[in-house]
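Q: The structure follows.
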Amino acid sequence: MLELTDRWSARAALWLYRLGVYGGLPALVVLVTVDVLLRYLFNAPLRWSRDANGLLLLISLFAALPYAWDRGYHIRMELLYSRLRGRRRQLADLLSALSGIVVFGALAVQSARFVPYMAATWETGEDLMLPLWPFMAFMGVCSVVFVARLLSNPEGRSASGEGESDWM
Amino acid sequence: MDVTIVGLLGIALLLALLIVGVPIALAMAVTGVVGLWVLEGASATIAQVVLIPWDEGRSFVIVTIPLFVLMGQFVFHTGLAADLYDGVQKWIGRVPGGLAITSVLACAGFGAVTGSSIATVATMGSIVMPEMRRHGYDARLATGALAASGTLGILIPPSVIFIFYGVMTETSIGALFIAGIIPGILTALTFSAIILVRCLWRPELGPKGPPSTWQERLRAVKRVAPIGSLFVLVIGGIYAGIFTPTEAAGIGCMGVIVAAALLRKLTLKALSRGLCSTALIASMIFAIIMGGYLMARFLAVTGLTQGIVSFLVDMQLGRVSFLLLLVVLFLILGAMLDVFGMLVLTIPFVVPVIEELGIDLIWFGVFAVIMAELALVTPPIGANVFVMRRVAPEVPMGDIFLGVAPFVAGVLGVLALLIAFPELALWLPRQMG
């Protein structure tokens, strides 16, 4: 069961990440730039750009969360953790995973509750007349995948150990 | 149960989770959730868990974080930084300790287009360290100068830490950026002066670099131009009130792409690498912001923050004594926590006191970033030192920390100046358009 969860969630995390990297982020850069250029060159800013930027940001950030966990992109106090070995280390990892499961599990449950309400009331952005419920659903889906990753990979690094956070 | 006791238990839980190594974002988020659950019940808590990321995850201000990270990543992966070093080296290389001074100025220049300290050390370290080795530089001086100069990446705008602070305290990110310019230049000059004095005293520490002709120097100016233009475009645009920080970040990203394309340095691989790292870094920062908000909301409900503010204000410490207390606190926290963790844990408690004492929040942002700089180079964490060690594996960690020591004294000197003359940080933001 855990193996199956590991397999589908690892694949889902990668696909979500790719969506954020090659979809959300480039679109964000292009939209911000085009809006500035339209405003200064043609005095014709895009009224809906702030709403759209916000939604693209949400997609980019949430899409990368589960994969960031797999790649070890999280900051922790290493002082004691790096000295832990064996079962103690496993316990610390389990505590991390449990913390994440509580928060993102709650997020997934509540977003599933909000989606039907938002769809029924046809909630849209202020200027962008696009229904918001798919984005709330997307946040929920990312949270489900993240919870699955926490369950199947509680130590928070891919099995190959590649790509630990080394940039920030 | 009394709300204050719940608050204190919450803080104890948070500290316990942090000590065993639970990631900062998750530790804060789960403490906030559990605490709010106890005080406000399940339904109100779960609603908060969704509404915080839903609101913050669509915030126009937070768009700035991935865009400035992306800009720095593009500069990093397209190799524009190497030109910057070459350009500065042609002018400064011949003075005693010239290559080390060049590395300080090149780090300051690189910091002007990237918001990350570690990216600055990693990039400049790999370019400058082989040169300094070749010219027989003292290993302590070389690695210490590079590790310390990397911290200029977060003080000279744009800076991810300034954005993070601005989001957490709801202060103007544009004003924070501008406030960092003079202290950033002052720090770079202090570092250069430290190197020059040491190398004049003991020339064997940093021999003179290779000579350059005037023709080479003039040609070098052209190589520095792309980074200089980007800085003027982004920070000048914010200063003049033409762009918001978010718009400036978008324009900056496009600017790097155009500059790299014109210089034939733009590759699909560089773009892809930049996008990949940015998504991971930005989501990590966002998770910390989300956790920080949940924790702050919990603390607000307990009234603990207000209690601490009253306690500290009643002590009548005064501005300078309180700031000195904070220097000690940040030095201790910096020995245990990463920069983000240090700020996110202290801001909810410290900022209300700062406001009560009448200290400007923009000025305090600069103060906090300088303290974060120290945390990056002091043991046992000193993230920049760890990166430097990867660049120069032959130099023992202890030697790098010793090499950094004079620069730490320099940073403390700049901090003292900033406390004595707050206008050093506040004058430029007051002139903003």
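Scheme for the structure tokens: letters A, B, ... for chains in order shown; per-chain residue numbers from 1; ligand numbers from 1 in order shown.
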Compute the chain A side of the contact with chain B at 8 Å, counting only C-alpha atoms, and hand it back as a PyMOL selection string.

A: chain A and resi 17+20-22+25-26+29-30+32-33+36+50-51+53-58+60-62+64-65+67-68+73-81+92-93+95-96+99-100+102-103+106-107+110-111+136+167-168

Q: Would you return as an MDAnalysis selection string the members of range 204-409 of chain B that DSSP assigns to helix (DSSP H, G or I) on this structure's backbone?

A: chainID B and resid 204:205 214:239 245:262 268:302 304:314 319:334 339:356 361:377 383:391 397:409

Q: Between A:Leu4, A:Leu14, A:Leu41, A:Cys142, which is the closest to Ala108 in chain A once you count only C-alpha atoms?

A: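 Nearest candidate to Ala108 in chain A out of A:Leu4, A:Leu14, A:Leu41, A:Cys142: A:Cys142.
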
Q: When you look at range 133-145 of chain B with a cut-off of 10 Å (counting only C-alpha atoms), what residues show up, excluding the ones that are within fewer than 3 positions of it in the same chain? I need them as a ChimeraX atom specification.

A: /B:97,99-101,103-104,121,125,128-130,148-150,191-192,194-195,198-199,203-210,377,384-385,388-389,391-392,394-408

Q: When you look at Gln90 in chain A with a cut-off of 9 Å (counting only C-alpha atoms), what residues show up, excluding the ones that are within fewer than 5 positions of it in the same chain? I need them as a PDB file with N, CA, C and O atoms, in the first residue's frame.

A:
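Output file part.pdb follows:
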ATOM      1  N   LEU A  84      21.701  12.801  15.008  1.00  0.00           N
ATOM      2  CA  LEU A  84      20.811  11.672  15.295  1.00  0.00           C
ATOM      3  C   LEU A  84      21.081  10.524  14.323  1.00  0.00           C
ATOM      4  O   LEU A  84      21.312  10.746  13.142  1.00  0.00           O
ATOM      5  N   ARG A  85      21.033   9.317  14.833  1.00  0.00           N
ATOM      6  CA  ARG A  85      21.242   8.136  13.983  1.00  0.00           C
ATOM      7  C   ARG A  85      20.144   7.114  14.248  1.00  0.00           C
ATOM      8  O   ARG A  85      19.524   7.114  15.313  1.00  0.00           O
ATOM      9  N   LEU A  95       8.152  12.711  13.172  1.00  0.00           N
ATOM     10  CA  LEU A  95       7.550  13.906  13.776  1.00  0.00           C
ATOM     11  C   LEU A  95       7.381  15.008  12.724  1.00  0.00           C
ATOM     12  O   LEU A  95       6.350  15.692  12.688  1.00  0.00           O
ATOM     13  N   PRO A 154       9.023  10.119   4.577  1.00  0.00           N
ATOM     14  CA  PRO A 154       9.027  11.052   5.721  1.00  0.00           C
ATOM     15  C   PRO A 154      10.357  11.779   5.941  1.00  0.00           C
ATOM     16  O   PRO A 154      10.372  12.841   6.553  1.00  0.00           O
ATOM     17  N   GLU A 155      11.460  11.245   5.455  1.00  0.00           N
ATOM     18  CA  GLU A 155      12.742  11.927   5.704  1.00  0.00           C
ATOM     19  C   GLU A 155      12.929  13.148   4.794  1.00  0.00           C
ATOM     20  O   GLU A 155      13.839  13.940   5.012  1.00  0.00           O
TER      21      GLU A 155
END

Q: Nearest to Leu132 in chain A: which of A:Ile101, A:Pro116, A:Arg18, A:Asn43 is it, counting only C-alpha atoms?

A: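 Among A:Ile101, A:Pro116, A:Arg18, A:Asn43, it is A:Pro116 that comes nearest to Leu132 in chain A.
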
Q: Which of these residues is nearest to Ser152 in chain A, using only C-alpha atoms: A:Ile59, A:Leu46, A:Ala119, A:Ala97?

A: A:Ala97

Q: Could you check how far CA of Phe231 in chain B sits from CA of Ala52 in chain A, in Å to one decimal?

A: 27.2 Å

Q: Leaving out Pro211 in chain B and any residue of its chain fewer than 2 positions from it, which residues lie within 10 Å of it when counting only C-alpha atoms, given as a ChimeraX atom specification?

A: /B:89-95,208-209,213-214,216

Q: Taking only C-alpha atoms into account, name the residue in A:Pro134, A:Gly72, A:Gly23, A:Gly140 that is nearest to Phe104 in chain A.

A: A:Gly140
